[in-house]
Amino acid sequence: MDNHEITMEKIVSLCKRRGFVFQSSEIYGGQAGAWDYGPLGIELKKNIQNAWWKEMTQLHDNIVGLDAAIFMHPRTWEASGHVANFSDPLVDCKDCKMRFRADDESQISKENVEKRICPKCGGELTPPRSFNLMFKTHIGPAEDTASILYLRPETAQGIYVNYKNIIQSNRMKIPFGIAQVGKAFRNEIVTKNFIFRTCEFEQMEMQFFVKPGDDDKFFEYWRGQRWEFYKKYGIRENKLRWYHHEKLAH
Ligand SMILES: [Zn+2]
């Protein structure tokens, strides 16, 4: 192997040696899908968050901030469609018990899913079934259906449920935005993606509310604003590209 080749293993090892990112609970064998930010990692992460927060809430008069709780009333997630639809198709190996996301070719090929053959051990796979990505827990002393609570799978719903509060308390008028930085949780089938796919992660989100008919205009405005933000902080334009969402998350 060429010594100058950049591999994920080299990046992970460098991040650890320099104190940027450590595997969670490494002395007990490590927790999959969770990473700890070390002394330099947290400084870098805070710098990025602060730059984004300043750009949103201080450089735009019509955007305000919010820090909503991770726990929300479970009806929030019924209304948003997450309880019914926020799921991935999974297949399990009946022999080695490995689990794969049937729609992710980095984990398992279409052919393996169709023929129901485990790519690890050659054993028989279950047919795909949908698996909800929300972490479920209970609040209070009784573990019954009335006490079910979810760890939020996105921060956006905390913004939507406070829309009226913010309009009333801060006299916001459309068009305006609400920005938030916070943790979100998804029960992802984690493979070797380092910090690029984790079960616990931080989101920086701004929801911008406009009158019907103004959406295209503001969408283009924000596309331009975001592009300039990344350029301002030193990301080369040839490293940036637009991603077109064929399918929204839910
Ligand atoms: Zn197997």
# chains A, B, ... in the order shown; residues from 1 in each chain; ligands from 1

call {"tool": "residues_near_ligand", "arguments": {"ligand": "ligand 1", "cutoff": "7 Å", "atoms": "only C-alpha atoms and all ligand atoms", "output": "PyMOL selection string"}}
result
chain A and resi 93-98+118-123

call {"tool": "write_last_selection", "arguments": {"atoms": "all heavy atoms", "output": "compact mmCIF listing (two decimals), in the first residue's frame"}}
result
# COMPACT_ATOMS: atom_id res chain seq x y z
N CYS A 93 -29.33 -12.11 10.07
CA CYS A 93 -28.83 -13.45 9.75
C CYS A 93 -29.29 -14.41 10.85
O CYS A 93 -29.10 -14.14 12.03
CB CYS A 93 -27.31 -13.45 9.65
SG CYS A 93 -26.64 -15.12 9.44
N LYS A 94 -29.92 -15.51 10.43
CA LYS A 94 -30.42 -16.46 11.43
C LYS A 94 -29.28 -17.23 12.10
O LYS A 94 -29.45 -17.77 13.19
CB LYS A 94 -31.39 -17.45 10.77
CG LYS A 94 -32.70 -16.80 10.33
CD LYS A 94 -33.62 -17.79 9.65
CE LYS A 94 -34.90 -17.11 9.21
NZ LYS A 94 -35.79 -18.04 8.49
N ASP A 95 -28.10 -17.28 11.44
CA ASP A 95 -26.96 -18.02 12.01
C ASP A 95 -26.06 -17.14 12.86
O ASP A 95 -25.93 -17.34 14.05
CB ASP A 95 -26.15 -18.69 10.90
CG ASP A 95 -26.96 -19.79 10.22
OD1 ASP A 95 -27.89 -20.32 10.87
OD2 ASP A 95 -26.68 -20.09 9.04
N CYS A 96 -25.42 -16.12 12.22
CA CYS A 96 -24.43 -15.34 12.99
C CYS A 96 -25.05 -14.13 13.69
O CYS A 96 -24.35 -13.40 14.39
CB CYS A 96 -23.27 -14.91 12.09
SG CYS A 96 -23.67 -13.60 10.92
N LYS A 97 -26.36 -13.89 13.47
CA LYS A 97 -27.11 -12.82 14.15
C LYS A 97 -26.70 -11.40 13.71
O LYS A 97 -27.08 -10.43 14.37
CB LYS A 97 -27.01 -12.92 15.70
CG LYS A 97 -27.27 -14.30 16.27
CD LYS A 97 -28.70 -14.74 16.05
CE LYS A 97 -28.92 -16.15 16.58
NZ LYS A 97 -30.11 -16.78 16.03
N MET A 98 -25.90 -11.28 12.63
CA MET A 98 -25.55 -9.95 12.14
C MET A 98 -26.80 -9.30 11.55
O MET A 98 -27.68 -9.98 11.02
CB MET A 98 -24.47 -10.03 11.04
CG MET A 98 -23.05 -10.17 11.57
SD MET A 98 -22.37 -8.67 12.32
CE MET A 98 -22.18 -7.62 10.89
N CYS A 118 -26.55 -14.38 3.91
CA CYS A 118 -25.73 -13.49 4.75
C CYS A 118 -24.37 -13.24 4.10
O CYS A 118 -23.68 -14.20 3.75
CB CYS A 118 -25.54 -14.12 6.13
SG CYS A 118 -24.38 -13.21 7.17
N PRO A 119 -23.96 -11.96 3.92
CA PRO A 119 -22.65 -11.70 3.30
C PRO A 119 -21.48 -12.02 4.23
O PRO A 119 -20.35 -12.14 3.77
CB PRO A 119 -22.70 -10.19 3.00
CG PRO A 119 -23.74 -9.62 3.90
CD PRO A 119 -24.70 -10.73 4.23
N LYS A 120 -21.73 -12.20 5.52
CA LYS A 120 -20.64 -12.50 6.46
C LYS A 120 -20.37 -14.00 6.55
O LYS A 120 -19.23 -14.43 6.45
CB LYS A 120 -21.00 -11.98 7.87
CG LYS A 120 -20.77 -10.48 8.04
CD LYS A 120 -19.35 -10.17 8.48
CE LYS A 120 -19.06 -8.70 8.65
NZ LYS A 120 -19.38 -7.82 7.55
N CYS A 121 -21.44 -14.79 6.75
CA CYS A 121 -21.22 -16.22 7.03
C CYS A 121 -21.91 -17.15 6.04
O CYS A 121 -21.74 -18.36 6.11
CB CYS A 121 -21.68 -16.56 8.45
SG CYS A 121 -23.46 -16.69 8.63
N GLY A 122 -22.70 -16.59 5.10
CA GLY A 122 -23.39 -17.44 4.12
C GLY A 122 -24.68 -18.05 4.65
O GLY A 122 -25.35 -18.80 3.95
N GLY A 123 -25.05 -17.70 5.89
CA GLY A 123 -26.27 -18.24 6.49
C GLY A 123 -27.54 -17.63 5.90
O GLY A 123 -27.47 -16.76 5.02

call {"tool": "residues_around", "arguments": {"residues": "A:Glu105", "least_positions_apart": "6", "cutoff": "12 Å", "atoms": "only C-alpha atoms", "output": "PDB file with N, CA, C and O atoms, in the first residue's frame"}}
result
ATOM      1  N   GLU A 111     -28.364  -8.348  -4.347  1.00  0.00           N
ATOM      2  CA  GLU A 111     -28.426  -9.776  -4.650  1.00  0.00           C
ATOM      3  C   GLU A 111     -28.507 -10.610  -3.362  1.00  0.00           C
ATOM      4  O   GLU A 111     -29.309 -11.538  -3.273  1.00  0.00           O
ATOM      5  N   ASN A 112     -27.669 -10.258  -2.366  1.00  0.00           N
ATOM      6  CA  ASN A 112     -27.714 -10.972  -1.086  1.00  0.00           C
ATOM      7  C   ASN A 112     -29.081 -10.856  -0.420  1.00  0.00           C
ATOM      8  O   ASN A 112     -29.592 -11.830   0.148  1.00  0.00           O
ATOM      9  N   VAL A 113     -29.682  -9.637  -0.513  1.00  0.00           N
ATOM     10  CA  VAL A 113     -30.999  -9.440   0.101  1.00  0.00           C
ATOM     11  C   VAL A 113     -32.037 -10.305  -0.601  1.00  0.00           C
ATOM     12  O   VAL A 113     -32.831 -11.001   0.045  1.00  0.00           O
ATOM     13  N   PRO A 119     -23.957 -11.963   3.916  1.00  0.00           N
ATOM     14  CA  PRO A 119     -22.653 -11.696   3.304  1.00  0.00           C
ATOM     15  C   PRO A 119     -21.476 -12.021   4.229  1.00  0.00           C
ATOM     16  O   PRO A 119     -20.346 -12.143   3.773  1.00  0.00           O
ATOM     17  N   THR A 191     -21.963   0.871  10.779  1.00  0.00           N
ATOM     18  CA  THR A 191     -20.795   0.148  10.279  1.00  0.00           C
ATOM     19  C   THR A 191     -19.599   1.062  10.474  1.00  0.00           C
ATOM     20  O   THR A 191     -19.670   2.004  11.233  1.00  0.00           O
TER      21      THR A 191
END

call {"tool": "residues_around", "arguments": {"residues": "A:Val210", "least_positions_apart": "4", "cutoff": "9 Å", "atoms": "only C-alpha atoms", "output": "list in words"}}
result
Ile174, Pro175, Phe176, Gly177, Asp214, Asp215 and Phe218 of chain A

call {"tool": "write_last_selection", "arguments": {"atoms": "all heavy atoms", "output": "CSV table (one decimal), in the first residue's frame"}}
result
chain,number,residue,atom,x,y,z
A,174,ILE,N,-43.5,36.8,10.0
A,174,ILE,CA,-43.0,36.1,8.8
A,174,ILE,C,-42.5,37.1,7.7
A,174,ILE,O,-43.2,38.1,7.6
A,174,ILE,CB,-44.2,35.2,8.2
A,174,ILE,CG1,-44.3,34.0,9.0
A,174,ILE,CG2,-44.1,35.0,6.7
A,174,ILE,CD1,-45.4,33.1,8.7
A,175,PRO,N,-41.4,36.9,7.1
A,175,PRO,CA,-40.5,35.8,7.2
A,175,PRO,C,-39.5,35.9,8.4
A,175,PRO,O,-39.0,36.9,8.6
A,175,PRO,CB,-39.7,35.8,5.9
A,175,PRO,CG,-39.6,37.3,5.5
A,175,PRO,CD,-40.9,37.9,6.0
A,176,PHE,N,-39.4,34.8,9.1
A,176,PHE,CA,-38.4,34.7,10.2
A,176,PHE,C,-37.9,33.3,10.4
A,176,PHE,O,-38.5,32.3,9.9
A,176,PHE,CB,-39.0,35.3,11.5
A,176,PHE,CG,-39.9,34.4,12.2
A,176,PHE,CD1,-39.5,33.6,13.3
A,176,PHE,CD2,-41.2,34.2,11.8
A,176,PHE,CE1,-40.3,32.7,13.9
A,176,PHE,CE2,-42.1,33.4,12.5
A,176,PHE,CZ,-41.6,32.6,13.5
A,177,GLY,N,-36.8,33.2,11.2
A,177,GLY,CA,-36.3,31.8,11.4
A,177,GLY,C,-36.0,31.6,12.9
A,177,GLY,O,-35.9,32.5,13.7
A,214,ASP,N,-43.6,32.4,-1.4
A,214,ASP,CA,-42.3,33.0,-1.3
A,214,ASP,C,-41.2,31.9,-1.1
A,214,ASP,O,-40.0,32.2,-1.0
A,214,ASP,CB,-42.2,33.9,-0.1
A,214,ASP,CG,-42.9,35.2,-0.3
A,214,ASP,OD1,-43.1,35.5,-1.5
A,214,ASP,OD2,-43.1,36.0,0.7
A,215,ASP,N,-41.6,30.6,-1.1
A,215,ASP,CA,-40.7,29.6,-0.8
A,215,ASP,C,-39.5,29.5,-1.7
A,215,ASP,O,-38.3,29.3,-1.3
A,215,ASP,CB,-41.4,28.2,-0.6
A,215,ASP,CG,-42.5,28.0,-1.6
A,215,ASP,OD1,-42.9,29.0,-2.3
A,215,ASP,OD2,-43.1,26.9,-1.7
A,218,PHE,N,-36.9,32.4,-1.1
A,218,PHE,CA,-36.1,32.2,0.1
A,218,PHE,C,-35.2,31.0,0.0
A,218,PHE,O,-34.1,31.0,0.6
A,218,PHE,CB,-37.0,32.2,1.3
A,218,PHE,CG,-37.4,33.6,1.7
A,218,PHE,CD1,-38.7,34.0,1.6
A,218,PHE,CD2,-36.5,34.5,2.2
A,218,PHE,CE1,-39.1,35.3,1.9
A,218,PHE,CE2,-36.8,35.8,2.5
A,218,PHE,CZ,-38.2,36.2,2.4

call {"tool": "residues_around", "arguments": {"residues": "A:Phe131", "least_positions_apart": "5", "cutoff": "12 Å", "atoms": "only C-alpha atoms", "output": "ChimeraX atom specification"}}
result
/A:82-92,99-102,186-189

call {"tool": "atom_distance", "arguments": {"atom1": "atom CA of A:Asn165", "atom2": "atom CA of A:His60"}}
result
19.9 Å

call {"tool": "select_by_dssp", "arguments": {"residues": "stretch 150-209 of chain A", "states": "strand (DSSP E or B)", "output": "list in words"}}
result
Tyr150, Leu151, Phe176, Gly177, Ile178, Ala179, Gln180, Val181, Gly182, Lys183, Ala184, Phe185, Glu200, Phe201, Glu202, Gln203, Met204, Glu205, Met206, Gln207, Phe208 and Phe209 of chain A

call {"tool": "select_by_dssp", "arguments": {"residues": "stretch 3-53 of chain A", "states": "alpha helix (DSSP H)", "output": "NGL selection string"}}
result
:A and (8-17 or 39-53)

call {"tool": "write_last_selection", "arguments": {"atoms": "C-alpha atoms", "output": "PDB file, in the first residue's frame"}}
result
ATOM      1  CA  MET A   8     -10.251   6.036   7.255  1.00  0.00           C
ATOM      2  CA  GLU A   9      -8.009   3.992   9.590  1.00  0.00           C
ATOM      3  CA  LYS A  10      -5.253   6.618   9.342  1.00  0.00           C
ATOM      4  CA  ILE A  11      -7.700   9.465  10.038  1.00  0.00           C
ATOM      5  CA  VAL A  12      -9.205   7.666  13.056  1.00  0.00           C
ATOM      6  CA  SER A  13      -5.748   6.916  14.429  1.00  0.00           C
ATOM      7  CA  LEU A  14      -4.530  10.507  13.927  1.00  0.00           C
ATOM      8  CA  CYS A  15      -7.678  11.898  15.610  1.00  0.00           C
ATOM      9  CA  LYS A  16      -6.992   9.692  18.622  1.00  0.00           C
ATOM     10  CA  ARG A  17      -3.229  10.445  18.880  1.00  0.00           C
ATOM     11  CA  PRO A  39      -9.411  18.412  24.277  1.00  0.00           C
ATOM     12  CA  LEU A  40      -8.750  19.569  20.690  1.00  0.00           C
ATOM     13  CA  GLY A  41     -11.906  17.993  19.268  1.00  0.00           C
ATOM     14  CA  ILE A  42     -14.222  19.915  21.571  1.00  0.00           C
ATOM     15  CA  GLU A  43     -12.442  23.208  20.762  1.00  0.00           C
ATOM     16  CA  LEU A  44     -12.843  22.566  17.038  1.00  0.00           C
ATOM     17  CA  LYS A  45     -16.487  21.532  17.444  1.00  0.00           C
ATOM     18  CA  LYS A  46     -17.290  24.609  19.549  1.00  0.00           C
ATOM     19  CA  ASN A  47     -15.587  26.898  17.032  1.00  0.00           C
ATOM     20  CA  ILE A  48     -17.774  25.488  14.252  1.00  0.00           C
ATOM     21  CA  GLN A  49     -20.925  25.758  16.367  1.00  0.00           C
ATOM     22  CA  ASN A  50     -20.105  29.324  17.452  1.00  0.00           C
ATOM     23  CA  ALA A  51     -19.397  30.439  13.871  1.00  0.00           C
ATOM     24  CA  TRP A  52     -22.710  28.963  12.722  1.00  0.00           C
ATOM     25  CA  TRP A  53     -24.642  30.424  15.690  1.00  0.00           C
TER      26      TRP A  53
END

call {"tool": "closest_residue", "arguments": {"among": "A:Leu151, A:Ile235, A:Ala34, A:Met134", "to": "A:Arg197", "atoms": "only C-alpha atoms"}}
result
A:Ala34

call {"tool": "residues_around", "arguments": {"residues": "A:Glu205", "least_positions_apart": "3", "cutoff": "10 Å", "atoms": "only C-alpha atoms", "output": "NGL selection string"}}
result
:A and (52-53 or 56 or 154-156 or 159 or 178-182 or 202 or 208)

call {"tool": "write_last_selection", "arguments": {"atoms": "N, CA, C and O atoms", "output": "mmCIF file, in the first residue's frame"}}
result
data_model
loop_
_atom_site.group_PDB
_atom_site.id
_atom_site.type_symbol
_atom_site.label_atom_id
_atom_site.label_comp_id
_atom_site.auth_asym_id
_atom_site.auth_seq_id
_atom_site.Cartn_x
_atom_site.Cartn_y
_atom_site.Cartn_z
ATOM 1 N N TRP A 52 -21.372 29.169 13.300
ATOM 2 C CA TRP A 52 -22.710 28.963 12.722
ATOM 3 C C TRP A 52 -23.760 29.762 13.501
ATOM 4 O O TRP A 52 -24.622 30.413 12.932
ATOM 5 N N TRP A 53 -23.659 29.727 14.840
ATOM 6 C CA TRP A 53 -24.642 30.424 15.690
ATOM 7 C C TRP A 53 -24.598 31.931 15.448
ATOM 8 O O TRP A 53 -25.634 32.598 15.346
ATOM 9 N N MET A 56 -26.136 32.794 12.088
ATOM 10 C CA MET A 56 -27.591 32.694 12.077
ATOM 11 C C MET A 56 -28.239 33.789 12.917
ATOM 12 O O MET A 56 -29.048 34.564 12.431
ATOM 13 N N GLU A 154 -34.581 14.148 15.831
ATOM 14 C CA GLU A 154 -34.193 15.376 15.141
ATOM 15 C C GLU A 154 -34.545 16.547 16.046
ATOM 16 O O GLU A 154 -35.422 16.437 16.912
ATOM 17 N N THR A 155 -33.860 17.677 15.858
ATOM 18 C CA THR A 155 -34.119 18.831 16.710
ATOM 19 C C THR A 155 -35.281 19.681 16.190
ATOM 20 O O THR A 155 -35.857 20.462 16.935
ATOM 21 N N ALA A 156 -35.644 19.516 14.920
ATOM 22 C CA ALA A 156 -36.621 20.404 14.280
ATOM 23 C C ALA A 156 -37.961 20.475 15.006
ATOM 24 O O ALA A 156 -38.572 21.542 15.088
ATOM 25 N N ILE A 159 -38.473 23.098 17.497
ATOM 26 C CA ILE A 159 -38.714 24.414 16.893
ATOM 27 C C ILE A 159 -40.196 24.560 16.533
ATOM 28 O O ILE A 159 -40.829 25.562 16.861
ATOM 29 N N ILE A 178 -35.909 30.266 13.188
ATOM 30 C CA ILE A 178 -35.545 29.822 14.535
ATOM 31 C C ILE A 178 -34.377 28.838 14.389
ATOM 32 O O ILE A 178 -34.465 27.874 13.617
ATOM 33 N N ALA A 179 -33.281 29.131 15.119
ATOM 34 C CA ALA A 179 -32.076 28.293 15.012
ATOM 35 C C ALA A 179 -31.878 27.507 16.295
ATOM 36 O O ALA A 179 -32.214 27.971 17.382
ATOM 37 N N GLN A 180 -31.305 26.311 16.147
ATOM 38 C CA GLN A 180 -31.065 25.476 17.318
ATOM 39 C C GLN A 180 -29.885 24.539 17.075
ATOM 40 O O GLN A 180 -29.710 24.018 15.974
ATOM 41 N N VAL A 181 -29.083 24.334 18.128
ATOM 42 C CA VAL A 181 -28.008 23.335 18.096
ATOM 43 C C VAL A 181 -28.299 22.351 19.215
ATOM 44 O O VAL A 181 -28.562 22.769 20.350
ATOM 45 N N GLY A 182 -28.289 21.067 18.922
ATOM 46 C CA GLY A 182 -28.550 20.118 20.005
ATOM 47 C C GLY A 182 -28.390 18.684 19.583
ATOM 48 O O GLY A 182 -28.233 18.367 18.401
ATOM 49 N N GLU A 202 -24.944 15.596 16.945
ATOM 50 C CA GLU A 202 -25.377 16.959 17.181
ATOM 51 C C GLU A 202 -25.845 17.575 15.868
ATOM 52 O O GLU A 202 -25.199 17.412 14.848
ATOM 53 N N PHE A 208 -36.820 28.178 8.603
ATOM 54 C CA PHE A 208 -37.189 29.523 8.160
ATOM 55 C C PHE A 208 -38.628 29.502 7.660
ATOM 56 O O PHE A 208 -38.980 28.694 6.804
#

call {"tool": "closest_residue", "arguments": {"among": "A:Tyr150, A:Asp36, A:Asn238, A:Pro127", "to": "A:Lys115", "atoms": "only C-alpha atoms"}}
result
A:Pro127
